file data_30.tsv (TSV, C-alpha atoms)
chain	number	residue	atom	x	y	z
K	12	MET	CA	0.00	0.00	0.00
K	13	SER	CA	1.24	3.47	-0.86
K	14	SER	CA	2.58	5.57	2.00
K	15	LEU	CA	1.60	8.78	0.22
K	16	LYS	CA	-1.47	10.73	1.23
K	17	TYR	CA	-3.67	11.22	-1.79
K	18	GLU	CA	-7.14	12.37	-2.75
K	19	LEU	CA	-9.18	10.89	-5.57
K	20	GLY	CA	-12.40	12.27	-7.01
K	21	GLY	CA	-14.41	13.24	-10.03
K	22	ASN	CA	-15.49	11.30	-13.07
K	23	GLY	CA	-13.94	10.94	-16.51
K	24	PRO	CA	-10.43	10.47	-17.93
K	25	HIS	CA	-7.64	10.07	-15.38
K	26	VAL	CA	-5.51	13.09	-14.49
K	27	VAL	CA	-2.76	13.43	-11.85
K	28	LEU	CA	-1.67	16.80	-10.46
K	29	LEU	CA	1.79	17.13	-8.86
K	30	HIS	CA	2.58	20.11	-6.62
K	31	PRO	CA	5.78	22.19	-6.40
K	32	ILE	CA	8.46	21.68	-3.77
K	33	GLY	CA	7.60	22.83	-0.26
K	34	LEU	CA	3.85	22.66	-0.84
K	35	ASP	CA	1.24	19.91	-0.71
K	36	LEU	CA	-1.88	18.76	-2.52
K	37	SER	CA	-3.87	21.69	-1.09
K	38	PHE	CA	-1.90	24.00	-3.42
K	39	LEU	CA	-3.88	22.48	-6.28
K	40	SER	CA	-7.32	22.59	-4.61
K	41	PRO	CA	-8.74	25.49	-6.66
K	42	VAL	CA	-7.89	23.90	-10.02
K	43	ALA	CA	-8.77	20.42	-8.72
K	44	ARG	CA	-12.34	21.52	-7.91
K	45	ILE	CA	-12.78	22.67	-11.50
K	46	LEU	CA	-11.10	19.66	-13.13
K	47	ARG	CA	-13.14	17.15	-11.10
K	48	GLN	CA	-16.21	18.25	-13.05
K	49	GLU	CA	-14.83	16.52	-16.17
K	50	PHE	CA	-11.98	14.28	-14.99
K	51	THR	CA	-11.18	11.70	-12.35
K	52	LEU	CA	-8.43	13.50	-10.50
K	53	LEU	CA	-5.62	12.20	-8.30
K	54	THR	CA	-3.74	14.71	-6.17
K	55	LEU	CA	-1.12	13.63	-3.68
K	56	ASP	CA	1.37	14.85	-1.14
K	57	GLN	CA	4.74	13.90	-2.56
K	58	ARG	CA	7.36	12.33	-0.28
K	59	GLY	CA	8.35	14.70	2.53
K	60	HIS	CA	5.46	17.07	1.81
K	61	GLY	CA	2.11	17.57	3.54
K	62	GLU	CA	1.06	14.32	5.21
K	63	SER	CA	3.50	12.09	3.29
K	64	ARG	CA	6.61	11.36	5.31
K	65	MET	CA	10.18	11.53	4.06
K	66	SER	CA	11.22	7.87	4.15
K	67	VAL	CA	14.82	8.41	3.05
K	68	PRO	CA	16.89	11.49	3.97
K	69	MET	CA	17.90	12.18	0.38
K	70	SER	CA	15.66	11.20	-2.52
K	71	SER	CA	16.20	11.29	-6.27
K	72	LEU	CA	13.67	12.24	-8.89
K	73	GLU	CA	13.50	8.53	-9.72
K	74	ASP	CA	12.40	7.85	-6.12
K	75	TYR	CA	9.59	10.37	-6.51
K	76	ALA	CA	8.59	8.76	-9.83
K	77	ASP	CA	8.52	5.36	-8.10
K	78	ASP	CA	6.36	6.87	-5.34
K	79	LEU	CA	3.84	8.05	-7.94
K	80	HIS	CA	3.91	4.79	-9.90
K	81	LYS	CA	2.85	2.71	-6.88
K	82	PRO	CA	-0.57	4.30	-6.21
K	83	LEU	CA	-1.30	4.53	-9.94
K	84	TYR	CA	-1.37	0.74	-10.04
K	85	GLU	CA	-2.81	0.17	-6.57
K	86	ILE	CA	-5.95	2.13	-7.44
K	87	ASN	CA	-6.00	1.10	-11.12
K	88	PHE	CA	-5.37	4.68	-12.25
K	89	ALA	CA	-2.78	4.09	-14.99
K	90	SER	CA	-2.73	5.26	-17.75
K	91	ALA	CA	-3.18	8.87	-16.65
K	92	ALA	CA	-2.36	12.33	-17.89
K	93	ILE	CA	0.11	13.90	-15.48
K	94	ALA	CA	0.39	17.64	-14.91
K	95	GLY	CA	3.31	18.76	-12.77
K	96	PHE	CA	4.11	22.21	-11.50
K	97	SER	CA	7.76	23.22	-10.99
K	98	PHE	CA	9.34	20.34	-9.02
K	99	GLY	CA	6.18	18.33	-9.73
K	100	GLY	CA	6.91	18.83	-13.44
K	101	MET	CA	10.36	17.34	-12.98
K	102	VAL	CA	8.80	14.32	-11.27
K	103	ALA	CA	6.23	14.08	-14.07
K	104	MET	CA	9.00	14.05	-16.72
K	105	VAL	CA	10.95	11.30	-14.96
K	106	SER	CA	7.74	9.32	-14.44
K	107	ALA	CA	6.95	9.49	-18.15
K	108	LEU	CA	10.46	8.35	-19.05
K	109	LYS	CA	10.62	5.57	-16.46
K	110	TYR	CA	7.01	4.36	-16.72
K	111	PRO	CA	5.76	5.33	-20.21
K	112	GLN	CA	2.95	2.75	-20.08
K	113	ALA	CA	1.45	4.58	-17.07
K	114	VAL	CA	1.41	8.05	-18.64
K	115	SER	CA	-1.08	8.94	-21.37
K	116	ALA	CA	-0.18	12.65	-21.58
K	117	LEU	CA	2.20	15.06	-19.93
K	118	ALA	CA	1.83	18.74	-18.99
K	119	ILE	CA	4.86	20.42	-17.49
K	120	CYS	CA	4.29	23.83	-15.97
K	121	ALA	CA	6.91	26.35	-14.76
K	122	CYS	CA	9.63	23.72	-14.83
K	123	THR	CA	13.17	23.38	-16.07
K	124	ALA	CA	14.09	20.35	-18.16
K	125	THR	CA	17.67	20.09	-16.90
K	126	GLN	CA	19.55	20.69	-13.67
K	127	THR	CA	23.07	21.68	-12.84
K	128	ALA	CA	24.77	19.98	-9.90
K	129	GLU	CA	24.30	23.22	-7.93
K	130	SER	CA	20.56	23.50	-8.65
K	131	ARG	CA	20.10	19.79	-7.84
K	132	GLY	CA	21.84	20.36	-4.49
K	133	ASN	CA	19.67	23.41	-3.80
K	134	ARG	CA	16.47	21.44	-4.52
K	135	THR	CA	17.64	18.52	-2.39
K	136	GLU	CA	18.38	20.88	0.49
K	137	ALA	CA	14.98	22.57	0.09
K	138	ARG	CA	13.20	19.16	0.20
K	139	ARG	CA	15.20	18.22	3.31
K	140	ARG	CA	14.29	21.50	5.05
K	141	CYS	CA	10.60	21.07	4.18
K	142	ALA	CA	10.53	17.51	5.49
K	143	THR	CA	12.38	18.48	8.67
K	144	GLN	CA	9.98	21.36	9.36
K	145	ARG	CA	6.94	19.15	8.84
K	146	HIS	CA	8.11	15.92	10.45
K	147	GLY	CA	10.99	16.86	12.77
call {"tool": "encode", "arguments": {"input": "data_30.tsv", "output": "structure tokens"}}
result
Amino acid sequence: MSSLKYELGGNGPHVVLLHPIGLDLSFLSPVARILRQEFTLLTLDQRGHGESRMSVPMSSLEDYADDLHKPLYEINFASAAIAGFSFGGMVAMVSALKYPQAVSALAICACTATQTAESRGNRTEARRRCATQRHG
């Protein structure tokens, strides 16, 4: 069973929304309310965010993609369109590359496609700080 907190609702084609770093699924609530009128929507707290605990001190984008992949199959939600915002977009890209059979479409919003070693370190540190603040 997935250790991620998620919310599922609506009716229609499957869509996943992934939030930016330091936020949680509530960030997407306004757009989720609208999309649930025409889509079955999955929103989740990514690892170390909201009510989803950080299970490993340092996590790679592949770890976050694996985290997403698990509930997609547990709740029979694959194949889904995935929309990711900022860091969520990076996770969406890696998910599509690693699990193409689970992704029917991809929308990447306000996101870079590449990272330098410095920016990767900055994002890792930001995720660590967020998880520490939320979970001690």
call {"tool": "closest_residue", "arguments": {"input": "data_30.tsv", "among": "K:Glu129, K:Phe50, K:Gly33, K:Phe38", "to": "K:Phe88", "atoms": "all atoms listed in the file"}}
result
K:Phe50
call {"tool": "residues_around", "arguments": {"input": "data_30.tsv", "residues": "K:Leu15", "least_positions_apart": "6", "cutoff": "7 Å", "atoms": "all atoms listed in the file", "output": "ChimeraX atom specification"}}
result
/K:55-58,63
call {"tool": "residues_near_point", "arguments": {"input": "data_30.tsv", "point": "(-11.8, 12.9, -6.1)", "cutoff": "7 Å", "atoms": "all atoms listed in the file", "output": "list in words"}}
result
Glu18, Leu19, Gly20, Gly21, Arg47, Thr51, Leu52 and Leu53 of chain K
call {"tool": "residues_near_point", "arguments": {"input": "data_30.tsv", "point": "(-1.2, 4.4, -13.6)", "cutoff": "12 Å", "atoms": "all atoms listed in the file", "output": "ChimeraX atom specification"}}
result
/K:24-27,53,76-93,106-107,110-116
call {"tool": "write_last_selection", "arguments": {"input": "data_30.tsv", "atoms": "C-alpha atoms", "output": "PDB file, keeping the file's coordinate frame"}}
result
ATOM      1  CA  PRO K  24     -10.430  10.470 -17.930  1.00  0.00           C
ATOM      2  CA  HIS K  25      -7.640  10.070 -15.380  1.00  0.00           C
ATOM      3  CA  VAL K  26      -5.510  13.090 -14.490  1.00  0.00           C
ATOM      4  CA  VAL K  27      -2.760  13.430 -11.850  1.00  0.00           C
ATOM      5  CA  LEU K  53      -5.620  12.200  -8.300  1.00  0.00           C
ATOM      6  CA  ALA K  76       8.590   8.760  -9.830  1.00  0.00           C
ATOM      7  CA  ASP K  77       8.520   5.360  -8.100  1.00  0.00           C
ATOM      8  CA  ASP K  78       6.360   6.870  -5.340  1.00  0.00           C
ATOM      9  CA  LEU K  79       3.840   8.050  -7.940  1.00  0.00           C
ATOM     10  CA  HIS K  80       3.910   4.790  -9.900  1.00  0.00           C
ATOM     11  CA  LYS K  81       2.850   2.710  -6.880  1.00  0.00           C
ATOM     12  CA  PRO K  82      -0.570   4.300  -6.210  1.00  0.00           C
ATOM     13  CA  LEU K  83      -1.300   4.530  -9.940  1.00  0.00           C
ATOM     14  CA  TYR K  84      -1.370   0.740 -10.040  1.00  0.00           C
ATOM     15  CA  GLU K  85      -2.810   0.170  -6.570  1.00  0.00           C
ATOM     16  CA  ILE K  86      -5.950   2.130  -7.440  1.00  0.00           C
ATOM     17  CA  ASN K  87      -6.000   1.100 -11.120  1.00  0.00           C
ATOM     18  CA  PHE K  88      -5.370   4.680 -12.250  1.00  0.00           C
ATOM     19  CA  ALA K  89      -2.780   4.090 -14.990  1.00  0.00           C
ATOM     20  CA  SER K  90      -2.730   5.260 -17.750  1.00  0.00           C
ATOM     21  CA  ALA K  91      -3.180   8.870 -16.650  1.00  0.00           C
ATOM     22  CA  ALA K  92      -2.360  12.330 -17.890  1.00  0.00           C
ATOM     23  CA  ILE K  93       0.110  13.900 -15.480  1.00  0.00           C
ATOM     24  CA  SER K 106       7.740   9.320 -14.440  1.00  0.00           C
ATOM     25  CA  ALA K 107       6.950   9.490 -18.150  1.00  0.00           C
ATOM     26  CA  TYR K 110       7.010   4.360 -16.720  1.00  0.00           C
ATOM     27  CA  PRO K 111       5.760   5.330 -20.210  1.00  0.00           C
ATOM     28  CA  GLN K 112       2.950   2.750 -20.080  1.00  0.00           C
ATOM     29  CA  ALA K 113       1.450   4.580 -17.070  1.00  0.00           C
ATOM     30  CA  VAL K 114       1.410   8.050 -18.640  1.00  0.00           C
ATOM     31  CA  SER K 115      -1.080   8.940 -21.370  1.00  0.00           C
ATOM     32  CA  ALA K 116      -0.180  12.650 -21.580  1.00  0.00           C
TER      33      ALA K 116
END
call {"tool": "closest_residue", "arguments": {"input": "data_30.tsv", "among": "K:Gly23, K:Pro41, K:Pro31, K:Gly59", "to": "K:Phe98", "atoms": "only C-alpha atoms"}}
result
K:Pro31
call {"tool": "atom_distance", "arguments": {"input": "data_30.tsv", "atom1": "atom CA of K:Ser14", "atom2": "atom CA of K:Ile45"}}
result
26.7 Å
call {"tool": "atom_distance", "arguments": {"input": "data_30.tsv", "atom1": "atom CA of K:Asp35", "atom2": "atom CA of K:Gly61"}}
result
4.9 Å
call {"tool": "closest_residue", "arguments": {"input": "data_30.tsv", "among": "K:Gln48, K:Val105, K:Val42, K:Glu62", "to": "K:Lys16", "atoms": "only C-alpha atoms"}}
result
K:Glu62
call {"tool": "residues_around", "arguments": {"input": "data_30.tsv", "residues": "K:Leu39", "least_positions_apart": "4", "cutoff": "9 Å", "atoms": "all atoms listed in the file", "output": "PDB file with C-alpha atoms, in the frame of the given file"}}
result
ATOM      1  CA  LEU K  28      -1.670  16.800 -10.460  1.00  0.00           C
ATOM      2  CA  LEU K  29       1.790  17.130  -8.860  1.00  0.00           C
ATOM      3  CA  HIS K  30       2.580  20.110  -6.620  1.00  0.00           C
ATOM      4  CA  ASP K  35       1.240  19.910  -0.710  1.00  0.00           C
ATOM      5  CA  ALA K  43      -8.770  20.420  -8.720  1.00  0.00           C
ATOM      6  CA  ARG K  44     -12.340  21.520  -7.910  1.00  0.00           C
ATOM      7  CA  THR K  54      -3.740  14.710  -6.170  1.00  0.00           C
TER       8      THR K  54
END
call {"tool": "closest_residue", "arguments": {"input": "data_30.tsv", "among": "K:Tyr17, K:Ser66, K:Glu73, K:Leu36", "to": "K:Gly95", "atoms": "only C-alpha atoms"}}
result
K:Leu36
call {"tool": "atom_distance", "arguments": {"input": "data_30.tsv", "atom1": "atom CA of K:Ser37", "atom2": "atom CA of K:Val102"}}
result
17.8 Å
